[in-house]
$ cat run02.txt   # compact mmCIF, C-alpha atoms and all ligand atoms
# COMPACT_ATOMS: atom_id res chain seq x y z
CA MET A 13 -9.92 16.56 -11.94
CA GLU A 14 -10.08 20.14 -13.21
CA GLU A 15 -13.51 21.52 -14.00
CA GLU A 16 -14.29 23.48 -17.13
CA ASP A 17 -14.82 26.77 -15.27
CA GLY A 18 -11.23 26.61 -14.06
CA LEU A 19 -12.10 25.78 -10.45
CA ASN A 20 -9.60 23.26 -9.24
CA THR A 21 -11.13 20.29 -7.48
CA MET A 22 -8.16 17.95 -7.45
CA LYS A 23 -8.12 15.95 -4.24
CA LEU A 24 -4.37 15.99 -3.58
CA GLU A 25 -3.27 19.22 -5.16
CA GLU A 26 0.28 20.21 -4.14
CA LYS A 27 0.52 17.25 -1.75
CA VAL A 28 3.66 15.14 -1.64
CA ALA A 29 2.86 11.42 -1.53
CA LEU A 30 5.42 8.75 -0.71
CA ILE A 31 4.25 5.38 -1.99
CA THR A 32 6.10 2.09 -1.47
CA GLY A 33 5.81 -0.87 -3.81
CA ILE A 34 5.17 1.51 -6.70
CA SER A 35 6.44 -0.75 -9.50
CA SER A 36 3.47 -3.10 -9.72
CA GLY A 37 -0.16 -3.78 -8.90
CA ILE A 38 -1.85 -1.61 -6.26
CA GLY A 39 1.15 0.70 -5.71
CA ARG A 40 1.36 1.48 -9.40
CA ALA A 41 -2.38 2.19 -9.62
CA ALA A 42 -2.23 4.43 -6.53
CA ALA A 43 0.74 6.40 -7.88
CA LEU A 44 -1.04 7.07 -11.18
CA LEU A 45 -4.29 8.04 -9.44
CA PHE A 46 -2.68 10.24 -6.79
CA ALA A 47 -0.68 12.05 -9.49
CA GLN A 48 -3.84 12.51 -11.54
CA GLU A 49 -5.32 14.16 -8.43
CA GLY A 50 -2.43 16.63 -8.27
CA ALA A 51 0.09 14.94 -5.97
CA ARG A 52 3.83 14.96 -6.44
CA ILE A 53 4.96 11.35 -6.17
CA VAL A 54 7.96 9.77 -4.48
CA GLY A 55 7.91 6.12 -5.46
CA ALA A 56 9.93 3.40 -3.75
CA ASP A 57 10.46 -0.20 -4.80
CA ILE A 58 13.18 -2.82 -5.21
CA ASP A 59 12.25 -3.17 -8.89
CA GLN A 60 13.93 -0.16 -10.49
CA GLU A 61 13.10 -0.90 -14.11
CA LYS A 62 9.33 -1.12 -13.60
CA GLY A 63 9.42 1.71 -11.06
CA LEU A 64 11.02 4.06 -13.56
CA GLU A 65 8.32 3.14 -16.10
CA VAL A 66 5.65 4.25 -13.63
CA ILE A 67 7.53 7.48 -12.91
CA GLU A 68 7.87 8.18 -16.64
CA ALA A 69 4.13 7.57 -17.16
CA ILE A 70 3.38 10.13 -14.43
CA ARG A 71 5.83 12.68 -15.86
CA GLN A 72 4.16 12.31 -19.26
CA THR A 73 1.02 13.73 -17.65
CA GLY A 74 2.95 16.81 -16.50
CA ARG A 75 3.23 15.85 -12.84
CA GLU A 76 6.41 15.63 -10.82
CA ALA A 77 7.61 12.19 -9.72
CA VAL A 78 10.83 10.59 -8.55
CA PHE A 79 11.84 6.99 -8.01
CA VAL A 80 14.05 5.88 -5.12
CA LYS A 81 15.26 2.30 -5.30
CA THR A 82 14.58 1.03 -1.78
CA ASP A 83 14.31 -2.21 0.10
CA VAL A 84 11.71 -1.09 2.63
CA SER A 85 12.77 -3.75 5.12
CA GLU A 86 16.24 -2.15 5.45
CA LYS A 87 16.58 0.67 7.95
CA SER A 88 19.42 2.49 6.18
CA GLU A 89 17.55 2.43 2.85
CA VAL A 90 14.32 3.74 4.37
CA LYS A 91 16.25 6.56 6.05
CA LYS A 92 17.71 7.53 2.66
CA LEU A 93 14.28 7.26 1.02
CA VAL A 94 12.77 9.74 3.47
CA GLU A 95 15.73 12.11 3.06
CA LYS A 96 15.32 12.02 -0.72
CA ALA A 97 11.55 12.52 -0.48
CA LEU A 98 12.18 15.67 1.52
CA ALA A 99 13.71 17.23 -1.59
CA PHE A 100 10.05 18.05 -2.27
CA GLY A 101 10.03 19.95 1.04
CA ARG A 102 7.71 17.69 3.03
CA ILE A 103 5.76 14.43 3.05
CA ASP A 104 1.98 14.83 3.29
CA VAL A 105 0.89 11.28 2.52
CA LEU A 106 2.66 8.00 3.23
CA PHE A 107 1.17 4.90 1.60
CA ASN A 108 2.87 1.83 3.03
CA ASN A 109 1.97 -0.60 0.29
CA ALA A 110 5.01 -2.77 -0.55
CA GLY A 111 4.52 -6.40 0.34
CA VAL A 112 5.43 -10.00 -0.38
CA GLU A 113 3.48 -13.22 -0.18
CA VAL A 114 4.38 -16.52 1.42
CA VAL A 115 2.04 -19.29 0.29
CA LYS A 116 2.72 -22.10 2.74
CA ASN A 117 1.18 -23.76 5.76
CA LEU A 118 2.99 -23.48 9.07
CA LYS A 119 4.86 -26.78 8.97
CA ASP A 120 6.39 -26.00 5.56
CA THR A 121 7.25 -22.37 6.32
CA THR A 122 10.95 -21.86 6.87
CA GLU A 123 12.36 -19.41 9.38
CA GLU A 124 13.74 -17.38 6.46
CA GLU A 125 10.27 -17.12 4.86
CA TRP A 126 8.74 -16.12 8.21
CA ASP A 127 11.36 -13.38 8.66
CA ARG A 128 10.93 -12.12 5.10
CA SER A 129 7.16 -11.84 5.49
CA ILE A 130 7.42 -10.01 8.81
CA ASN A 131 10.27 -7.78 7.64
CA VAL A 132 8.86 -6.70 4.28
CA ASN A 133 5.18 -6.54 5.28
CA LEU A 134 5.36 -5.31 8.88
CA LYS A 135 8.80 -4.03 9.87
CA SER A 136 8.78 -1.85 6.74
CA VAL A 137 5.68 -0.07 8.04
CA PHE A 138 7.47 0.56 11.33
CA LEU A 139 10.56 1.91 9.53
CA CYS A 140 8.71 4.13 7.05
CA CYS A 141 6.53 5.53 9.84
CA LYS A 142 9.48 6.00 12.18
CA TYR A 143 11.36 8.24 9.75
CA THR A 144 8.37 10.00 8.18
CA ILE A 145 6.33 10.89 11.26
CA PRO A 146 8.82 13.43 12.72
CA GLU A 147 8.76 15.24 9.36
CA MET A 148 4.95 15.22 9.30
CA ILE A 149 4.86 16.62 12.82
CA LYS A 150 7.29 19.42 11.80
CA ASN A 151 4.97 20.15 8.89
CA GLY A 152 1.82 20.29 11.01
CA GLY A 153 0.36 16.91 10.12
CA GLY A 154 -0.14 14.26 7.48
CA VAL A 155 -1.85 11.05 6.48
CA ILE A 156 -0.62 7.47 6.68
CA ILE A 157 -2.31 4.60 4.88
CA ASN A 158 -1.16 1.05 5.44
CA ASN A 159 -1.99 -1.72 3.02
CA ALA A 160 -2.94 -4.71 5.15
CA SER A 161 -5.17 -7.52 3.84
CA VAL A 162 -8.27 -9.55 4.64
CA ALA A 163 -5.63 -12.15 5.52
CA GLY A 164 -5.07 -10.10 8.68
CA LEU A 165 -8.75 -10.44 9.61
CA VAL A 166 -9.58 -14.05 8.76
CA GLY A 167 -7.55 -17.19 8.15
CA SER A 168 -5.61 -17.29 4.88
CA PHE A 169 -3.18 -19.34 2.81
CA SER A 170 -0.28 -18.62 5.16
CA PRO A 171 0.31 -18.00 8.88
CA ALA A 172 3.40 -15.94 8.04
CA TYR A 173 1.47 -13.65 5.69
CA SER A 174 -1.56 -13.38 7.99
CA ALA A 175 0.58 -12.62 11.03
CA SER A 176 2.33 -9.80 9.20
CA LYS A 177 -0.96 -8.27 8.04
CA GLY A 178 -2.65 -8.69 11.42
CA GLY A 179 0.33 -6.82 12.84
CA VAL A 180 -0.20 -3.99 10.35
CA ILE A 181 -3.85 -3.68 11.43
CA ALA A 182 -2.97 -3.57 15.14
CA MET A 183 -0.16 -1.09 14.53
CA THR A 184 -2.50 1.14 12.50
CA LYS A 185 -4.94 1.44 15.40
CA THR A 186 -2.20 2.08 17.94
CA LEU A 187 -0.55 4.75 15.79
CA ALA A 188 -3.92 6.39 15.13
CA VAL A 189 -4.35 6.92 18.87
CA GLU A 190 -0.71 7.94 19.40
CA LEU A 191 -0.76 10.56 16.63
CA ALA A 192 -4.33 11.89 16.83
CA THR A 193 -3.30 15.14 18.51
CA ASP A 194 -0.43 15.60 16.02
CA ASN A 195 -2.96 15.97 13.21
CA ILE A 196 -1.75 12.73 11.63
CA ARG A 197 -4.46 10.29 10.56
CA VAL A 198 -3.53 6.62 10.26
CA ASN A 199 -5.82 4.13 8.53
CA CYS A 200 -5.43 0.80 6.83
CA ILE A 201 -6.96 -0.95 3.88
CA CYS A 202 -7.76 -4.65 3.82
CA PRO A 203 -8.07 -5.74 0.21
CA GLY A 204 -9.51 -9.10 -0.71
CA ALA A 205 -8.14 -10.87 -3.79
CA ILE A 206 -7.02 -8.19 -6.24
CA GLU A 207 -5.94 -8.82 -9.85
CA THR A 208 -2.19 -8.15 -9.57
CA PRO A 209 1.01 -10.11 -10.22
CA MET A 210 0.98 -11.08 -6.52
CA LEU A 211 -2.45 -12.70 -6.82
CA ARG A 212 -1.34 -14.56 -9.95
CA ARG A 213 1.67 -15.94 -8.06
CA VAL A 214 -0.51 -16.95 -5.10
CA LEU A 215 -2.97 -18.83 -7.35
CA GLU A 216 -0.15 -20.57 -9.22
CA LYS A 217 1.44 -21.73 -5.98
CA GLN A 218 -1.87 -23.25 -4.87
CA GLY A 219 -2.12 -25.58 -7.88
CA ASN A 220 -3.85 -25.20 -11.23
CA ALA A 221 -4.22 -21.43 -11.25
CA GLU A 222 -7.42 -21.38 -13.33
CA LEU A 223 -9.14 -24.04 -11.20
CA VAL A 224 -8.07 -22.33 -7.98
CA ARG A 225 -9.28 -19.00 -9.39
CA ASP A 226 -12.72 -20.46 -10.24
CA GLU A 227 -12.98 -22.02 -6.79
CA ARG A 228 -11.91 -18.90 -4.91
CA THR A 229 -14.09 -16.58 -6.93
CA LYS A 230 -17.09 -18.51 -5.55
CA SER A 231 -16.25 -17.21 -2.06
CA TYR A 232 -16.62 -13.63 -3.35
CA PRO A 233 -20.29 -12.59 -3.16
CA MET A 234 -19.73 -10.17 -6.06
CA GLY A 235 -18.51 -13.14 -8.12
CA ARG A 236 -15.19 -11.57 -9.08
CA PHE A 237 -11.89 -10.37 -7.67
CA GLY A 238 -11.05 -6.66 -7.36
CA THR A 239 -8.86 -4.42 -9.48
CA PRO A 240 -5.82 -2.42 -8.34
CA GLU A 241 -7.69 0.75 -9.32
CA GLU A 242 -10.54 -0.08 -6.92
CA VAL A 243 -8.06 -0.32 -4.04
CA ALA A 244 -6.29 2.86 -5.17
CA GLN A 245 -9.64 4.72 -4.97
CA ALA A 246 -10.01 3.66 -1.33
CA ALA A 247 -6.45 4.82 -0.63
CA LEU A 248 -7.21 8.16 -2.32
CA PHE A 249 -10.29 8.65 -0.14
CA LEU A 250 -8.21 8.03 3.00
CA ALA A 251 -5.41 10.29 1.71
CA CYS A 252 -7.55 13.32 0.95
CA ASP A 253 -9.69 15.77 2.89
CA GLU A 254 -12.86 13.76 2.33
CA SER A 255 -11.95 11.55 5.29
CA THR A 256 -10.83 14.12 7.87
CA PHE A 257 -12.60 12.43 10.81
CA MET A 258 -11.29 8.97 9.95
CA THR A 259 -8.37 7.56 11.87
CA GLY A 260 -7.71 4.02 13.08
CA ALA A 261 -10.15 2.67 10.50
CA VAL A 262 -9.84 -0.74 8.89
CA VAL A 263 -11.30 -0.27 5.44
CA VAL A 264 -12.23 -3.56 3.82
CA VAL A 265 -12.17 -3.59 0.01
CA ASP A 266 -13.17 -7.17 -0.71
CA GLY A 267 -16.40 -7.47 -2.71
CA GLY A 268 -18.13 -8.86 0.37
CA PHE A 269 -15.62 -11.68 1.03
CA THR A 270 -15.33 -11.15 4.80
CA SER A 271 -19.09 -10.55 5.14
CA HIS A 272 -19.80 -13.99 3.77
N1 LIG B 1 -3.19 -8.61 -4.68
C1 LIG B 1 -3.91 -8.99 -3.66
O1 LIG B 1 -4.78 -9.88 -3.80
C2 LIG B 1 -3.70 -8.37 -2.31
C3 LIG B 1 -4.67 -8.61 -1.34
C4 LIG B 1 -4.52 -8.05 -0.09
C5 LIG B 1 -3.43 -7.27 0.18
N2 LIG B 1 -2.48 -7.05 -0.78
C6 LIG B 1 -1.35 -6.22 -0.41
O2 LIG B 1 -1.27 -5.15 -1.30
C7 LIG B 1 0.10 -4.72 -1.40
C8 LIG B 1 0.48 -4.61 -2.87
O3 LIG B 1 0.35 -5.90 -3.43
P1 LIG B 1 0.16 -6.17 -4.99
O4 LIG B 1 -0.91 -7.17 -5.10
O5 LIG B 1 0.09 -4.91 -5.73
O6 LIG B 1 1.53 -6.95 -5.25
P2 LIG B 1 2.63 -6.84 -6.41
O7 LIG B 1 3.53 -8.00 -6.21
O8 LIG B 1 1.98 -6.64 -7.71
O9 LIG B 1 3.41 -5.49 -6.01
C9 LIG B 1 4.16 -5.43 -4.83
C10 LIG B 1 5.32 -4.48 -5.06
O10 LIG B 1 6.11 -4.45 -3.84
C11 LIG B 1 7.48 -4.47 -4.21
N3 LIG B 1 8.31 -4.98 -3.13
C12 LIG B 1 8.41 -6.24 -2.68
N4 LIG B 1 9.33 -6.33 -1.71
C13 LIG B 1 9.82 -5.08 -1.53
C14 LIG B 1 10.80 -4.53 -0.68
N5 LIG B 1 11.48 -5.28 0.20
N6 LIG B 1 11.07 -3.20 -0.77
C15 LIG B 1 10.41 -2.41 -1.67
N7 LIG B 1 9.46 -2.90 -2.50
C16 LIG B 1 9.18 -4.22 -2.44
C17 LIG B 1 7.52 -5.37 -5.44
O11 LIG B 1 8.72 -5.19 -6.18
C18 LIG B 1 6.27 -4.95 -6.17
O12 LIG B 1 6.53 -3.89 -7.08
C19 LIG B 1 0.92 -5.74 -0.63
O13 LIG B 1 1.21 -5.25 0.66
C20 LIG B 1 -0.02 -6.92 -0.53
O14 LIG B 1 0.28 -7.74 0.58
C21 LIG B 1 -2.60 -7.58 -2.02
$ encode --input "run02.txt" --output "structure tokens"
Amino acid sequence: MEEEDGLNTMKLEEKVALITGISSGIGRAAALLFAQEGARIVGADIDQEKGLEVIEAIRQTGREAVFVKTDVSEKSEVKKLVEKALAFGRIDVLFNNAGVEVVKNLKDTTEEEWDRSINVNLKSVFLCCKYTIPEMIKNGGGVIINNASVAGLVGSFSPAYSASKGGVIAMTKTLAVELATDNIRVNCICPGAIETPMLRRVLEKQGNAELVRDERTKSYPMGRFGTPEEVAQAALFLACDESTFMTGAVVVVDGGFTSH
């Protein structure tokens, strides 16, 4: 935010932020917040129509933003995404946020569903990091934020989903160590239930969505689920220079759910 005396205190001024899963939920909220804090946004998603709406909303505020239609589980598409992002000259912040849910117990999970969960939620992080990190190193450093989940910390509605998110957490810590001397910080966020289209789909797949919602809300000490904006604020903190000694952290944003 700019102060009245003209001093600029925006947290991501002039930074280039690549955000995946920009078309909905947490990715959308993060893109709008990062842009508000001065970042130029490269947004990736498979949903072009909604992605372009987010980009247009950012441009309306006077900030630069581009959309690159990308399936983040596909190597060739991620390579192109990074190349296109470099039209801005560099990538300072990578927010690996795109994800999909599988809401099934192990015996009902098909091999295809297992592969989709691992590919979109975990392999995508590998691919986006693989092609972005060399550019960050050339540029003298950067920040990576991975969107994991409390489902990677405690049991959840799906072994396939939990395994993918547990993998993201383990990979975050390993990369943090690997890249510490390259001036690249790597942290992850573990949101609890957050009010997004994904959460609505998860609740619907578990039965009567309203009854399931009431039941699950009881396991949240704060008595409610979170908002995409609350997760975006945590991502912003990790992206900016307020967290310069943080790397390898697992930041839980869950209203007390995992402390219960
Ligand atoms: N909502 C929650 O309760 C919750 C909790 C914990 C973690 N998360 C994680 O937060 C992240 C964002 O979730 P959300 O709740 O905003 O979900 P969402 O469904 O609202 O948004 C996810 C976005 O990812 C995109 N996407 C899906 N597959 C893709 C692919 N192959 N390539 C590119 N984009 C793809 C979708 O099109 C969508 O725009 C996910 O990684 C999710 O696992 C969500």
$ residues_near_ligand --input "run02.txt" --ligand "ligand LIG 1 (chain B)" --cutoff "7 Å" --atoms "only C-alpha atoms and all ligand atoms" --output "PyMOL selection string"
chain A and resi 32-39+56-59+82-85+109-113+132-133+159-162+202-211+240
$ closest_atom_pairs --input "run02.txt" --of "segment 68-120 of chain A" --to "segment 218-239 of chain A" --cutoff "12 Å" --atoms "all atoms listed in the file" --output "CSV"
residue,atom,partner,partner_atom,distance
A:Val114,CA,A:Gln218,CA,11.1
A:Val115,CA,A:Gln218,CA,7.6
A:Lys116,CA,A:Gln218,CA,9.0
A:Asn117,CA,A:Gln218,CA,11.1
$ atom_distance --input "run02.txt" --atom1 "atom CA of Glu125 of chain A" --atom2 "atom CA of Cys141 of chain A"
23.5 Å
$ closest_residue --input "run02.txt" --among "A:Leu248, A:Val180, A:Val198, A:Val66" --to "Asn131 of chain A" --atoms "all atoms listed in the file"
A:Val180
$ atom_distance --input "run02.txt" --atom1 "atom CA of Lys217 of chain A" --atom2 "atom CA of Arg128 of chain A"
17.5 Å
$ atom_distance --input "run02.txt" --atom1 "atom CA of Phe257 of chain A" --atom2 "atom CA of Lys185 of chain A"
14.2 Å
$ residues_around --input "run02.txt" --residues "Trp126 of chain A" --least-positions-apart "2" --cutoff "9 Å" --atoms "only C-alpha atoms" --output "VMD selection string"
chain A and resid 114 121 to 124 128 to 131 171 to 173
$ decode --input "run02.txt" --residues "segment 14-144 of chain A" --atoms "C-alpha atoms" --output "PDB file, in the first residue's frame"
ATOM      1  CA  GLU A  14       1.224   3.516  -0.766  1.00  0.00           C
ATOM      2  CA  GLU A  15       1.355   5.952   2.117  1.00  0.00           C
ATOM      3  CA  GLU A  16       0.090   9.505   1.908  1.00  0.00           C
ATOM      4  CA  ASP A  17       3.579  11.045   2.142  1.00  0.00           C
ATOM      5  CA  GLY A  18       4.533   9.248  -1.060  1.00  0.00           C
ATOM      6  CA  LEU A  19       6.826   6.721   0.622  1.00  0.00           C
ATOM      7  CA  ASN A  20       6.287   3.419  -1.075  1.00  0.00           C
ATOM      8  CA  THR A  21       5.781   0.523   1.294  1.00  0.00           C
ATOM      9  CA  MET A  22       4.440  -2.061  -1.111  1.00  0.00           C
ATOM     10  CA  LYS A  23       5.715  -5.498  -0.164  1.00  0.00           C
ATOM     11  CA  LEU A  24       6.372  -6.865  -3.658  1.00  0.00           C
ATOM     12  CA  GLU A  25       7.175  -3.760  -5.636  1.00  0.00           C
ATOM     13  CA  GLU A  26       8.696  -4.560  -9.049  1.00  0.00           C
ATOM     14  CA  LYS A  27       8.742  -8.293  -8.261  1.00  0.00           C
ATOM     15  CA  VAL A  28       7.620 -10.802 -10.862  1.00  0.00           C
ATOM     16  CA  ALA A  29       5.370 -13.476  -9.361  1.00  0.00           C
ATOM     17  CA  LEU A  30       4.437 -16.678 -11.163  1.00  0.00           C
ATOM     18  CA  ILE A  31       1.299 -18.174  -9.634  1.00  0.00           C
ATOM     19  CA  THR A  32      -0.273 -21.482 -10.686  1.00  0.00           C
ATOM     20  CA  GLY A  33      -3.954 -22.263 -10.289  1.00  0.00           C
ATOM     21  CA  ILE A  34      -4.765 -18.576 -10.670  1.00  0.00           C
ATOM     22  CA  SER A  35      -8.321 -18.976 -11.993  1.00  0.00           C
ATOM     23  CA  SER A  36     -10.036 -19.838  -8.723  1.00  0.00           C
ATOM     24  CA  GLY A  37      -9.929 -19.876  -4.940  1.00  0.00           C
ATOM     25  CA  ILE A  38      -6.574 -19.336  -3.233  1.00  0.00           C
ATOM     26  CA  GLY A  39      -4.607 -18.705  -6.460  1.00  0.00           C
ATOM     27  CA  ARG A  40      -7.016 -15.982  -7.505  1.00  0.00           C
ATOM     28  CA  ALA A  41      -6.858 -14.311  -4.078  1.00  0.00           C
ATOM     29  CA  ALA A  42      -3.047 -14.479  -4.067  1.00  0.00           C
ATOM     30  CA  ALA A  43      -2.787 -12.978  -7.557  1.00  0.00           C
ATOM     31  CA  LEU A  44      -5.010 -10.035  -6.605  1.00  0.00           C
ATOM     32  CA  LEU A  45      -3.150  -9.464  -3.323  1.00  0.00           C
ATOM     33  CA  PHE A  46       0.349  -9.787  -4.794  1.00  0.00           C
ATOM     34  CA  ALA A  47      -0.590  -7.349  -7.581  1.00  0.00           C
ATOM     35  CA  GLN A  48      -2.006  -4.935  -5.014  1.00  0.00           C
ATOM     36  CA  GLU A  49       1.405  -5.129  -3.305  1.00  0.00           C
ATOM     37  CA  GLY A  50       3.158  -4.117  -6.530  1.00  0.00           C
ATOM     38  CA  ALA A  51       3.991  -7.437  -8.203  1.00  0.00           C
ATOM     39  CA  ARG A  52       3.748  -8.144 -11.893  1.00  0.00           C
ATOM     40  CA  ILE A  53       1.753 -11.349 -12.244  1.00  0.00           C
ATOM     41  CA  VAL A  54       2.197 -14.352 -14.511  1.00  0.00           C
ATOM     42  CA  GLY A  55      -0.847 -16.535 -13.960  1.00  0.00           C
ATOM     43  CA  ALA A  56      -1.124 -20.154 -15.060  1.00  0.00           C
ATOM     44  CA  ASP A  57      -4.163 -22.414 -15.084  1.00  0.00           C
ATOM     45  CA  ILE A  58      -6.027 -24.887 -17.284  1.00  0.00           C
ATOM     46  CA  ASP A  59      -9.159 -22.730 -17.008  1.00  0.00           C
ATOM     47  CA  GLN A  60      -8.493 -19.947 -19.507  1.00  0.00           C
ATOM     48  CA  GLU A  61     -11.813 -18.145 -19.248  1.00  0.00           C
ATOM     49  CA  LYS A  62     -11.671 -17.607 -15.482  1.00  0.00           C
ATOM     50  CA  GLY A  63      -7.923 -16.981 -15.627  1.00  0.00           C
ATOM     51  CA  LEU A  64      -8.375 -14.137 -18.090  1.00  0.00           C
ATOM     52  CA  GLU A  65     -11.015 -12.615 -15.798  1.00  0.00           C
ATOM     53  CA  VAL A  66      -8.478 -12.517 -12.969  1.00  0.00           C
ATOM     54  CA  ILE A  67      -5.845 -10.988 -15.259  1.00  0.00           C
ATOM     55  CA  GLU A  68      -8.327  -8.342 -16.427  1.00  0.00           C
ATOM     56  CA  ALA A  69      -9.231  -7.498 -12.805  1.00  0.00           C
ATOM     57  CA  ILE A  70      -5.528  -6.970 -12.058  1.00  0.00           C
ATOM     58  CA  ARG A  71      -4.987  -4.831 -15.171  1.00  0.00           C
ATOM     59  CA  GLN A  72      -7.935  -2.657 -14.138  1.00  0.00           C
ATOM     60  CA  THR A  73      -5.881  -1.692 -11.083  1.00  0.00           C
ATOM     61  CA  GLY A  74      -3.015  -0.542 -13.306  1.00  0.00           C
ATOM     62  CA  ARG A  75      -0.734  -3.514 -12.704  1.00  0.00           C
ATOM     63  CA  GLU A  76       0.814  -5.733 -15.344  1.00  0.00           C
ATOM     64  CA  ALA A  77      -0.426  -9.315 -15.628  1.00  0.00           C
ATOM     65  CA  VAL A  78      -0.398 -12.088 -18.204  1.00  0.00           C
ATOM     66  CA  PHE A  79      -2.179 -15.413 -18.391  1.00  0.00           C
ATOM     67  CA  VAL A  80      -0.535 -18.555 -19.764  1.00  0.00           C
ATOM     68  CA  LYS A  81      -2.859 -21.502 -20.278  1.00  0.00           C
ATOM     69  CA  THR A  82      -0.910 -24.359 -18.715  1.00  0.00           C
ATOM     70  CA  ASP A  83      -1.457 -27.865 -17.475  1.00  0.00           C
ATOM     71  CA  VAL A  84       1.141 -27.820 -14.707  1.00  0.00           C
ATOM     72  CA  SER A  85       1.474 -31.593 -14.749  1.00  0.00           C
ATOM     73  CA  GLU A  86       2.834 -31.502 -18.334  1.00  0.00           C
ATOM     74  CA  LYS A  87       6.555 -30.935 -18.728  1.00  0.00           C
ATOM     75  CA  SER A  88       6.386 -29.251 -22.146  1.00  0.00           C
ATOM     76  CA  GLU A  89       3.677 -26.834 -20.959  1.00  0.00           C
ATOM     77  CA  VAL A  90       5.586 -25.870 -17.820  1.00  0.00           C
ATOM     78  CA  LYS A  91       8.709 -25.236 -19.892  1.00  0.00           C
ATOM     79  CA  LYS A  92       6.703 -22.879 -22.125  1.00  0.00           C
ATOM     80  CA  LEU A  93       5.137 -21.203 -19.078  1.00  0.00           C
ATOM     81  CA  VAL A  94       8.550 -20.364 -17.634  1.00  0.00           C
ATOM     82  CA  GLU A  95       9.797 -19.108 -21.018  1.00  0.00           C
ATOM     83  CA  LYS A  96       6.761 -16.831 -21.325  1.00  0.00           C
ATOM     84  CA  ALA A  97       7.145 -15.587 -17.743  1.00  0.00           C
ATOM     85  CA  LEU A  98      10.691 -14.539 -18.570  1.00  0.00           C
ATOM     86  CA  ALA A  99       9.261 -11.918 -20.931  1.00  0.00           C
ATOM     87  CA  PHE A 100       9.128  -9.922 -17.685  1.00  0.00           C
ATOM     88  CA  GLY A 101      12.899 -10.424 -17.408  1.00  0.00           C
ATOM     89  CA  ARG A 102      12.981 -12.700 -14.369  1.00  0.00           C
ATOM     90  CA  ILE A 103      10.915 -14.668 -11.861  1.00  0.00           C
ATOM     91  CA  ASP A 104      11.236 -13.497  -8.247  1.00  0.00           C
ATOM     92  CA  VAL A 105       8.397 -15.456  -6.668  1.00  0.00           C
ATOM     93  CA  LEU A 106       6.974 -18.845  -7.617  1.00  0.00           C
ATOM     94  CA  PHE A 107       3.723 -19.834  -5.898  1.00  0.00           C
ATOM     95  CA  ASN A 108       2.990 -23.477  -6.678  1.00  0.00           C
ATOM     96  CA  ASN A 109      -0.686 -23.465  -5.866  1.00  0.00           C
ATOM     97  CA  ALA A 110      -2.606 -25.428  -8.539  1.00  0.00           C
ATOM     98  CA  GLY A 111      -4.174 -28.583  -7.204  1.00  0.00           C
ATOM     99  CA  VAL A 112      -6.940 -31.135  -7.532  1.00  0.00           C
ATOM    100  CA  GLU A 113      -8.835 -33.186  -5.001  1.00  0.00           C
ATOM    101  CA  VAL A 114      -9.603 -36.884  -4.936  1.00  0.00           C
ATOM    102  CA  VAL A 115     -12.280 -37.699  -2.366  1.00  0.00           C
ATOM    103  CA  LYS A 116     -12.088 -41.468  -2.019  1.00  0.00           C
ATOM    104  CA  ASN A 117     -10.800 -44.103   0.354  1.00  0.00           C
ATOM    105  CA  LEU A 118      -7.973 -46.332  -0.816  1.00  0.00           C
ATOM    106  CA  LYS A 119     -10.040 -49.282  -2.010  1.00  0.00           C
ATOM    107  CA  ASP A 120     -12.184 -47.080  -4.277  1.00  0.00           C
ATOM    108  CA  THR A 121      -9.305 -45.000  -5.654  1.00  0.00           C
ATOM    109  CA  THR A 122      -8.448 -45.924  -9.216  1.00  0.00           C
ATOM    110  CA  GLU A 123      -4.912 -45.922 -10.562  1.00  0.00           C
ATOM    111  CA  GLU A 124      -5.897 -43.016 -12.827  1.00  0.00           C
ATOM    112  CA  GLU A 125      -7.101 -40.951  -9.839  1.00  0.00           C
ATOM    113  CA  TRP A 126      -3.907 -41.758  -7.922  1.00  0.00           C
ATOM    114  CA  ASP A 127      -1.768 -40.649 -10.885  1.00  0.00           C
ATOM    115  CA  ARG A 128      -3.793 -37.460 -11.390  1.00  0.00           C
ATOM    116  CA  SER A 129      -3.430 -36.471  -7.738  1.00  0.00           C
ATOM    117  CA  ILE A 130       0.317 -37.113  -7.702  1.00  0.00           C
ATOM    118  CA  ASN A 131       0.874 -35.488 -11.101  1.00  0.00           C
ATOM    119  CA  VAL A 132      -1.133 -32.303 -10.577  1.00  0.00           C
ATOM    120  CA  ASN A 133      -0.368 -31.791  -6.875  1.00  0.00           C
ATOM    121  CA  LEU A 134       3.223 -33.029  -6.609  1.00  0.00           C
ATOM    122  CA  LYS A 135       4.899 -33.562  -9.977  1.00  0.00           C
ATOM    123  CA  SER A 136       3.797 -30.047 -10.965  1.00  0.00           C
ATOM    124  CA  VAL A 137       5.832 -28.634  -8.075  1.00  0.00           C
ATOM    125  CA  PHE A 138       8.855 -30.581  -9.295  1.00  0.00           C
ATOM    126  CA  LEU A 139       8.378 -29.315 -12.864  1.00  0.00           C
ATOM    127  CA  CYS A 140       7.751 -25.667 -11.979  1.00  0.00           C
ATOM    128  CA  CYS A 141      10.740 -25.672  -9.615  1.00  0.00           C
ATOM    129  CA  LYS A 142      12.960 -27.484 -12.110  1.00  0.00           C
ATOM    130  CA  TYR A 143      12.500 -24.842 -14.803  1.00  0.00           C
ATOM    131  CA  THR A 144      12.265 -21.778 -12.555  1.00  0.00           C
TER     132      THR A 144
END
